$ cat structure33.cif   # mmCIF, C-alpha atoms
data_upload
loop_
_atom_site.group_PDB
_atom_site.id
_atom_site.type_symbol
_atom_site.label_atom_id
_atom_site.label_comp_id
_atom_site.auth_asym_id
_atom_site.auth_seq_id
_atom_site.Cartn_x
_atom_site.Cartn_y
_atom_site.Cartn_z
ATOM 1 C CA MET N 1 26.298 -32.762 -30.417
ATOM 2 C CA ASP N 2 26.937 -35.740 -28.178
ATOM 3 C CA VAL N 3 23.525 -37.059 -27.062
ATOM 4 C CA ARG N 4 23.142 -39.278 -24.029
ATOM 5 C CA TRP N 5 20.216 -41.368 -25.296
ATOM 6 C CA LEU N 6 17.777 -42.793 -22.784
ATOM 7 C CA ASP N 7 18.224 -46.425 -21.915
ATOM 8 C CA ASP N 8 15.180 -48.701 -21.545
ATOM 9 C CA ARG N 9 14.738 -47.960 -17.845
ATOM 10 C CA GLU N 10 14.996 -44.190 -18.377
ATOM 11 C CA ARG N 11 12.662 -44.296 -21.393
ATOM 12 C CA THR N 12 10.079 -46.267 -19.419
ATOM 13 C CA ALA N 13 10.211 -43.730 -16.568
ATOM 14 C CA ARG N 14 9.913 -40.821 -18.989
ATOM 15 C CA VAL N 15 6.959 -42.308 -20.888
ATOM 16 C CA ARG N 16 5.124 -43.164 -17.672
ATOM 17 C CA PHE N 17 5.765 -39.685 -16.254
ATOM 18 C CA ALA N 18 4.485 -38.137 -19.502
ATOM 19 C CA ALA N 19 1.332 -40.259 -19.228
ATOM 20 C CA VAL N 20 0.683 -38.908 -15.715
ATOM 21 C CA MET N 21 1.293 -35.337 -16.904
ATOM 22 C CA GLU N 22 -1.197 -35.836 -19.745
ATOM 23 C CA LEU N 23 -3.899 -37.769 -17.885
ATOM 24 C CA LEU N 24 -4.024 -36.220 -14.408
ATOM 25 C CA PRO N 25 -4.904 -32.632 -15.398
ATOM 26 C CA GLY N 26 -7.923 -33.884 -17.373
ATOM 27 C CA VAL N 27 -9.142 -36.012 -14.459
ATOM 28 C CA LEU N 28 -8.830 -33.107 -12.009
ATOM 29 C CA ASP N 29 -10.367 -30.612 -14.422
ATOM 30 C CA SER N 30 -13.324 -32.907 -15.221
ATOM 31 C CA GLN N 31 -14.209 -33.420 -11.571
ATOM 32 C CA LEU N 32 -13.973 -29.710 -10.754
ATOM 33 C CA ARG N 33 -15.987 -28.660 -13.824
ATOM 34 C CA ARG N 34 -18.676 -31.257 -13.097
ATOM 35 C CA ASP N 35 -18.960 -30.664 -9.358
ATOM 36 C CA ALA N 36 -18.076 -26.986 -8.943
ATOM 37 C CA GLU N 37 -18.156 -25.322 -12.380
ATOM 38 C CA LEU N 38 -14.476 -24.458 -11.931
ATOM 39 C CA THR N 39 -11.371 -25.315 -13.878
ATOM 40 C CA HIS N 40 -8.415 -26.779 -12.011
ATOM 41 C CA PHE N 41 -6.630 -23.439 -12.512
ATOM 42 C CA ASP N 42 -9.644 -21.556 -11.057
ATOM 43 C CA TYR N 43 -9.668 -23.834 -8.035
ATOM 44 C CA PHE N 44 -5.915 -23.505 -7.536
ATOM 45 C CA VAL N 45 -6.210 -19.695 -7.457
ATOM 46 C CA LEU N 46 -9.134 -19.835 -5.011
ATOM 47 C CA ALA N 47 -7.346 -22.352 -2.798
ATOM 48 C CA MET N 48 -4.176 -20.213 -2.698
ATOM 49 C CA LEU N 49 -6.197 -17.216 -1.600
ATOM 50 C CA SER N 50 -8.045 -19.318 0.987
ATOM 51 C CA GLU N 51 -4.716 -20.181 2.634
ATOM 52 C CA ALA N 52 -3.360 -16.612 2.656
ATOM 53 C CA PRO N 53 -3.559 -14.258 5.621
ATOM 54 C CA GLU N 54 -6.914 -12.459 5.433
ATOM 55 C CA ARG N 55 -7.515 -14.557 2.276
ATOM 56 C CA THR N 56 -5.630 -11.870 0.351
ATOM 57 C CA ARG N 57 -2.568 -11.946 -1.906
ATOM 58 C CA ARG N 58 -0.856 -9.549 -4.239
ATOM 59 C CA MET N 59 -1.681 -10.678 -7.800
ATOM 60 C CA THR N 60 1.992 -11.383 -8.491
ATOM 61 C CA HIS N 61 1.988 -14.192 -5.894
ATOM 62 C CA PRO N 62 -0.588 -16.484 -7.543
ATOM 63 C CA ALA N 63 0.981 -15.677 -10.923
ATOM 64 C CA ALA N 64 4.330 -16.947 -9.665
ATOM 65 C CA GLN N 65 2.814 -19.959 -7.877
ATOM 66 C CA THR N 66 0.988 -21.099 -11.007
ATOM 67 C CA ASN N 67 3.634 -20.063 -13.543
ATOM 68 C CA ALA N 68 0.919 -17.989 -15.212
ATOM 69 C CA THR N 69 1.445 -14.701 -16.951
ATOM 70 C CA LEU N 70 -0.201 -11.737 -15.274
ATOM 71 C CA PRO N 71 -2.585 -11.322 -18.254
ATOM 72 C CA ARG N 72 -3.734 -14.969 -17.983
ATOM 73 C CA LEU N 73 -4.160 -14.706 -14.232
ATOM 74 C CA SER N 74 -5.950 -11.391 -14.603
ATOM 75 C CA HIS N 75 -8.397 -12.984 -17.060
ATOM 76 C CA VAL N 76 -9.125 -15.862 -14.666
ATOM 77 C CA VAL N 77 -9.462 -13.533 -11.684
ATOM 78 C CA ARG N 78 -11.837 -11.308 -13.687
ATOM 79 C CA ARG N 79 -14.061 -14.328 -14.384
ATOM 80 C CA LEU N 80 -13.974 -15.344 -10.719
ATOM 81 C CA GLU N 81 -14.667 -11.733 -9.739
ATOM 82 C CA GLU N 82 -17.721 -11.668 -12.027
ATOM 83 C CA ARG N 83 -18.990 -14.740 -10.152
ATOM 84 C CA GLY N 84 -18.512 -12.940 -6.823
ATOM 85 C CA LEU N 85 -15.764 -15.315 -5.642
ATOM 86 C CA ILE N 86 -12.862 -12.831 -5.642
ATOM 87 C CA GLU N 87 -12.536 -9.083 -5.320
ATOM 88 C CA ARG N 88 -9.600 -6.979 -6.495
ATOM 89 C CA PHE N 89 -8.392 -3.753 -4.946
ATOM 90 C CA PRO N 90 -5.253 -1.583 -4.971
ATOM 91 C CA CYS N 91 -2.448 -2.820 -2.755
ATOM 92 C CA PRO N 92 -2.216 -0.426 0.219
ATOM 93 C CA ASP N 93 1.596 -0.863 0.376
ATOM 94 C CA ASP N 94 2.258 -0.339 -3.359
ATOM 95 C CA ALA N 95 -0.054 1.751 -5.525
ATOM 96 C CA ARG N 96 1.313 -0.002 -8.644
ATOM 97 C CA ALA N 97 0.166 -3.434 -7.424
ATOM 98 C CA THR N 98 -3.246 -5.056 -7.151
ATOM 99 C CA ASN N 99 -4.429 -7.418 -4.451
ATOM 100 C CA ALA N 100 -6.957 -10.205 -4.831
ATOM 101 C CA ARG N 101 -9.117 -11.272 -1.918
ATOM 102 C CA LEU N 102 -11.370 -14.283 -1.580
ATOM 103 C CA THR N 103 -14.907 -13.132 -0.820
ATOM 104 C CA ASP N 104 -17.175 -14.932 1.634
ATOM 105 C CA ALA N 105 -18.854 -16.574 -1.374
ATOM 106 C CA GLY N 106 -15.404 -17.620 -2.612
ATOM 107 C CA TRP N 107 -14.568 -19.089 0.794
ATOM 108 C CA ASP N 108 -17.854 -21.000 0.752
ATOM 109 C CA LYS N 109 -17.034 -22.255 -2.765
ATOM 110 C CA VAL N 110 -13.594 -23.510 -1.678
ATOM 111 C CA ARG N 111 -15.049 -25.228 1.394
ATOM 112 C CA ALA N 112 -17.768 -26.883 -0.694
ATOM 113 C CA THR N 113 -15.359 -27.908 -3.465
ATOM 114 C CA ALA N 114 -12.382 -29.146 -1.442
ATOM 115 C CA PRO N 115 -13.853 -32.488 -0.283
ATOM 116 C CA GLY N 116 -14.607 -33.673 -3.825
ATOM 117 C CA HIS N 117 -11.270 -32.448 -5.123
ATOM 118 C CA VAL N 118 -9.362 -34.163 -2.310
ATOM 119 C CA ALA N 119 -11.336 -37.370 -2.889
ATOM 120 C CA THR N 120 -10.390 -37.271 -6.583
ATOM 121 C CA VAL N 121 -6.702 -36.672 -5.808
ATOM 122 C CA ARG N 122 -6.789 -39.468 -3.239
ATOM 123 C CA GLU N 123 -8.525 -41.906 -5.593
ATOM 124 C CA HIS N 124 -6.316 -41.256 -8.605
ATOM 125 C CA VAL N 125 -2.940 -40.552 -6.998
ATOM 126 C CA ILE N 126 -2.527 -41.088 -3.259
ATOM 127 C CA ASP N 127 -4.369 -44.416 -2.929
ATOM 128 C CA ALA N 128 -2.509 -45.833 -5.952
ATOM 129 C CA LEU N 129 0.748 -45.621 -3.977
ATOM 130 C CA THR N 130 2.223 -47.459 -1.017
ATOM 131 C CA GLU N 131 3.504 -45.385 1.908
ATOM 132 C CA GLU N 132 7.048 -45.865 0.600
ATOM 133 C CA GLN N 133 6.049 -44.807 -2.931
ATOM 134 C CA LEU N 134 4.328 -41.714 -1.548
ATOM 135 C CA ASP N 135 7.575 -40.720 0.203
ATOM 136 C CA GLN N 136 9.486 -41.413 -3.031
ATOM 137 C CA LEU N 137 7.028 -39.299 -5.024
ATOM 138 C CA ALA N 138 7.529 -36.428 -2.582
ATOM 139 C CA GLU N 139 11.296 -36.717 -3.012
ATOM 140 C CA ILE N 140 11.082 -36.937 -6.802
ATOM 141 C CA THR N 141 8.752 -33.978 -7.083
ATOM 142 C CA ALA N 142 11.089 -31.978 -4.854
ATOM 143 C CA ALA N 143 14.103 -32.748 -7.068
ATOM 144 C CA VAL N 144 12.676 -32.143 -10.539
ATOM 145 C CA PRO N 145 11.472 -28.518 -10.072
ATOM 146 C CA GLY N 146 15.013 -27.521 -9.143
ATOM 147 C CA LYS N 147 16.077 -28.417 -12.691
ATOM 148 C CA LEU N 148 13.013 -26.914 -14.377
ATOM 149 C CA ASP N 149 12.928 -23.726 -12.303
ATOM 150 C CA PRO N 150 16.395 -23.080 -10.835
ATOM 151 C CA GLU N 151 15.425 -19.537 -9.779
ATOM 152 C CA GLY N 152 12.542 -20.958 -7.728
ATOM 153 C CA ARG N 153 9.878 -18.745 -9.326
ATOM 154 C CA VAL N 154 7.225 -21.426 -8.997
ATOM 155 C CA ALA N 155 7.122 -22.701 -5.451
ATOM 156 C CA ALA N 156 6.724 -26.460 -5.303
ATOM 157 C CA ASP N 157 6.413 -26.340 -1.525
ATOM 158 C CA PRO N 158 2.814 -26.250 -0.293
ATOM 159 C CA GLN N 159 3.958 -24.250 2.736
ATOM 160 C CA ALA N 160 5.321 -21.390 0.565
#

$ encode --input "structure33.cif" --output "C-alpha coordinates"
Amino acid sequence: MDVRWLDDRERTARVRFAAVMELLPGVLDSQLRRDAELTHFDYFVLAMLSEAPERTRRMTHPAAQTNATLPRLSHVVRRLEERGLIERFPCPDDARATNARLTDAGWDKVRATAPGHVATVREHVIDALTEEQLDQLAEITAAVPGKLDPEGRVAADPQA
(Lines of atoms letter the chains of each structure in order from A and count residues from 1; the text may use other names and numbers.)
(Lines give C-alpha, C1' and ligand atoms only; values in the text may rest on other atoms or scores of the structure.)
Protein backbone atom coordinates (compact mmCIF):
# COMPACT_ATOMS: atom_id res chain seq x y z
CA MET A 1 0.00 0.00 0.00
CA ASP A 2 1.42 3.34 -1.05
CA VAL A 3 0.68 5.81 1.77
CA ARG A 4 0.74 9.55 1.21
CA TRP A 5 1.99 10.56 4.67
CA LEU A 6 0.97 13.92 6.06
CA ASP A 7 3.53 16.66 5.83
CA ASP A 8 4.06 19.06 8.76
CA ARG A 9 1.43 21.53 7.56
CA GLU A 10 -1.16 18.79 7.00
CA ARG A 11 -0.36 17.13 10.34
CA THR A 12 -0.73 20.44 12.16
CA ALA A 13 -4.13 21.05 10.53
CA ARG A 14 -5.28 17.52 11.36
CA VAL A 15 -4.19 17.70 15.01
CA ARG A 16 -5.80 21.10 15.49
CA PHE A 17 -9.03 19.92 13.85
CA ALA A 18 -9.04 16.83 16.09
CA ALA A 19 -8.62 19.09 19.13
CA VAL A 20 -11.70 21.10 18.11
CA MET A 21 -13.68 17.89 17.53
CA GLU A 22 -12.72 16.64 20.99
CA LEU A 23 -13.10 19.88 22.96
CA LEU A 24 -16.14 21.61 21.45
CA PRO A 25 -18.76 18.91 22.13
CA GLY A 26 -17.83 18.90 25.84
CA VAL A 27 -18.08 22.69 26.07
CA LEU A 28 -21.50 22.72 24.38
CA ASP A 29 -22.76 19.76 26.39
CA SER A 30 -21.60 21.25 29.71
CA GLN A 31 -23.37 24.55 29.11
CA LEU A 32 -26.61 22.87 28.04
CA ARG A 33 -26.58 20.40 30.95
CA ARG A 34 -25.86 23.17 33.46
CA ASP A 35 -28.33 25.72 32.12
CA ALA A 36 -31.12 23.60 30.63
CA GLU A 37 -30.70 20.01 31.85
CA LEU A 38 -30.31 18.93 28.21
CA THR A 39 -27.55 17.22 26.32
CA HIS A 40 -26.31 18.80 23.10
CA PHE A 41 -28.05 15.97 21.21
CA ASP A 42 -31.33 16.67 23.08
CA TYR A 43 -31.10 20.35 22.21
CA PHE A 44 -30.29 19.62 18.57
CA VAL A 45 -33.42 17.45 18.26
CA LEU A 46 -35.59 20.10 19.93
CA ALA A 47 -34.11 22.87 17.79
CA MET A 48 -34.73 20.88 14.58
CA LEU A 49 -38.35 20.40 15.53
CA SER A 50 -38.67 24.08 16.46
CA GLU A 51 -37.66 25.04 12.91
CA ALA A 52 -40.00 22.58 11.16
CA PRO A 53 -43.43 23.46 9.81
CA GLU A 54 -45.93 23.04 12.66
CA ARG A 55 -42.88 22.06 14.78
CA THR A 56 -43.34 18.52 13.46
CA ARG A 57 -41.05 16.11 11.62
CA ARG A 58 -41.14 12.47 10.67
CA MET A 59 -38.72 10.65 13.01
CA THR A 60 -36.52 9.66 10.07
CA HIS A 61 -35.65 13.33 9.43
CA PRO A 62 -33.91 14.08 12.75
CA ALA A 63 -32.27 10.65 12.58
CA ALA A 64 -30.74 11.55 9.23
CA GLN A 65 -29.82 15.10 10.31
CA THR A 66 -27.97 13.85 13.38
CA ASN A 67 -26.56 10.66 11.87
CA ALA A 68 -28.29 8.80 14.69
CA THR A 69 -29.79 5.37 14.45
CA LEU A 70 -33.55 5.25 14.84
CA PRO A 71 -33.20 3.32 18.13
CA ARG A 72 -30.88 6.00 19.58
CA LEU A 73 -33.15 8.80 18.42
CA SER A 74 -36.19 6.95 19.71
CA HIS A 75 -34.55 6.64 23.14
CA VAL A 76 -33.77 10.37 23.25
CA VAL A 77 -37.24 11.31 22.02
CA ARG A 78 -38.80 9.02 24.65
CA ARG A 79 -36.86 10.86 27.38
CA LEU A 80 -37.90 14.23 25.97
CA GLU A 81 -41.48 12.97 25.68
CA GLU A 82 -41.43 11.93 29.35
CA ARG A 83 -40.43 15.52 30.19
CA GLY A 84 -43.37 16.84 28.15
CA LEU A 85 -41.15 18.51 25.53
CA ILE A 86 -42.07 16.30 22.55
CA GLU A 87 -45.06 14.21 21.59
CA ARG A 88 -45.08 11.33 19.11
CA PHE A 89 -47.98 10.27 16.93
CA PRO A 90 -48.56 8.18 13.79
CA CYS A 91 -47.73 9.92 10.54
CA PRO A 92 -51.05 10.68 8.79
CA ASP A 93 -49.44 10.14 5.34
CA ASP A 94 -47.71 6.83 6.18
CA ALA A 95 -49.06 4.48 8.84
CA ARG A 96 -45.61 2.84 9.11
CA ALA A 97 -43.95 6.11 10.15
CA THR A 98 -44.01 8.13 13.36
CA ASN A 99 -43.96 11.89 13.68
CA ALA A 100 -42.47 13.90 16.51
CA ARG A 101 -43.88 17.28 17.45
CA LEU A 102 -42.48 19.90 19.78
CA THR A 103 -45.02 20.64 22.50
CA ASP A 104 -45.66 24.14 23.82
CA ALA A 105 -43.43 23.26 26.79
CA GLY A 106 -40.76 22.11 24.32
CA TRP A 107 -41.05 25.38 22.40
CA ASP A 108 -40.69 27.30 25.66
CA LYS A 109 -37.62 25.19 26.52
CA VAL A 110 -35.98 25.94 23.15
CA ARG A 111 -36.71 29.66 23.47
CA ALA A 112 -35.30 29.73 27.01
CA THR A 113 -32.24 27.66 26.10
CA ALA A 114 -31.25 29.22 22.77
CA PRO A 115 -29.74 32.48 24.11
CA GLY A 116 -27.27 30.68 26.39
CA HIS A 117 -26.39 28.15 23.72
CA VAL A 118 -25.81 30.86 21.11
CA ALA A 119 -23.69 32.83 23.58
CA THR A 120 -21.55 29.74 24.20
CA VAL A 121 -21.12 29.07 20.47
CA ARG A 122 -20.27 32.73 19.92
CA GLU A 123 -17.76 32.83 22.78
CA HIS A 124 -15.96 29.61 21.91
CA VAL A 125 -16.14 29.59 18.11
CA ILE A 126 -17.49 32.65 16.30
CA ASP A 127 -15.69 35.36 18.31
CA ALA A 128 -12.38 33.47 18.05
CA LEU A 129 -12.41 34.05 14.28
CA THR A 130 -11.96 37.05 12.02
CA GLU A 131 -14.63 37.71 9.39
CA GLU A 132 -12.34 36.14 6.78
CA GLN A 133 -11.72 33.06 8.95
CA LEU A 134 -15.45 32.66 9.51
CA ASP A 135 -15.98 32.61 5.73
CA GLN A 136 -13.12 30.10 5.40
CA LEU A 137 -14.62 27.91 8.12
CA ALA A 138 -17.95 27.91 6.27
CA GLU A 139 -16.17 26.85 3.08
CA ILE A 140 -14.14 24.15 4.84
CA THR A 141 -17.14 22.72 6.63
CA ALA A 142 -19.02 22.64 3.33
CA ALA A 143 -16.23 20.69 1.61
CA VAL A 144 -15.43 18.03 4.21
CA PRO A 145 -18.94 16.49 4.59
CA GLY A 146 -18.95 15.74 0.88
CA LYS A 147 -16.06 13.32 1.47
CA LEU A 148 -17.46 11.88 4.71
CA ASP A 149 -21.04 11.55 3.49
CA PRO A 150 -21.08 11.44 -0.33
CA GLU A 151 -24.74 10.34 -0.38
CA GLY A 152 -25.69 13.45 1.60
CA ARG A 153 -27.55 11.55 4.33
CA VAL A 154 -26.54 14.06 6.98
CA ALA A 155 -27.39 17.55 5.83
CA ALA A 156 -24.66 20.03 6.67
CA ASP A 157 -26.79 22.90 5.41
CA PRO A 158 -28.76 24.66 8.15
CA GLN A 159 -31.47 25.47 5.61
CA ALA A 160 -32.13 21.76 4.85

$ residues_around --input "structure33.cif" --residues "N:Thr56" --least-positions-apart "4" --cutoff "8 Å" --atoms "all atoms listed in the file" --output "PyMOL selection string"
chain N and resi 49-50+52+99-102

$ write_last_selection --input "structure33.cif" --atoms "C-alpha atoms" --output "PDB file, in the frame of the given file"
ATOM      1  CA  LEU N  49      -6.197 -17.216  -1.600  1.00  0.00           C
ATOM      2  CA  SER N  50      -8.045 -19.318   0.987  1.00  0.00           C
ATOM      3  CA  ALA N  52      -3.360 -16.612   2.656  1.00  0.00           C
ATOM      4  CA  ASN N  99      -4.429  -7.418  -4.451  1.00  0.00           C
ATOM      5  CA  ALA N 100      -6.957 -10.205  -4.831  1.00  0.00           C
ATOM      6  CA  ARG N 101      -9.117 -11.272  -1.918  1.00  0.00           C
ATOM      7  CA  LEU N 102     -11.370 -14.283  -1.580  1.00  0.00           C
TER       8      LEU N 102
END

$ resolve_selection --input "structure33.cif" --expression "the PyMOL selection byres ((chain N and resi 88) around 10)" --output "VMD selection string"
chain N and resid 56 to 59 74 77 to 78 81 86 to 87 89 to 91 98 to 103

$ closest_residue --input "structure33.cif" --among "N:Arg55, N:Arg153, N:Arg79, N:Arg72" --to "N:Trp107" --atoms "only C-alpha atoms"
N:Arg55

$ atom_distance --input "structure33.cif" --atom1 "atom CA of N:Pro62" --atom2 "atom CA of N:Pro92"
17.9 Å

$ resolve_selection --input "structure33.cif" --expression "the PyMOL selection byres ((chain N and resi 116-123) around 12)" --output "VMD selection string"
chain N and resid 24 to 36 38 to 40 43 to 44 47 109 to 115 124 to 129 134

$ atom_distance --input "structure33.cif" --atom1 "atom CA of N:Val20" --atom2 "atom CA of N:Glu151"
25.1 Å

$ atom_distance --input "structure33.cif" --atom1 "atom CA of N:Gly84" --atom2 "atom CA of N:His61"
20.6 Å

$ axis_aligned_box --input "structure33.cif" --around "stretch 127-142 of chain N" --padding-each-side "4 Å" --output "JSON"
{"center_x": 3.5, "center_y": -39.7, "center_z": -2.6, "size_x": 23.7, "size_y": 23.5, "size_z": 17.0}

$ closest_residue --input "structure33.cif" --among "N:Leu23, N:Asp8, N:Phe17, N:Ala97" --to "N:Val144" --atoms "only C-alpha atoms"
N:Phe17
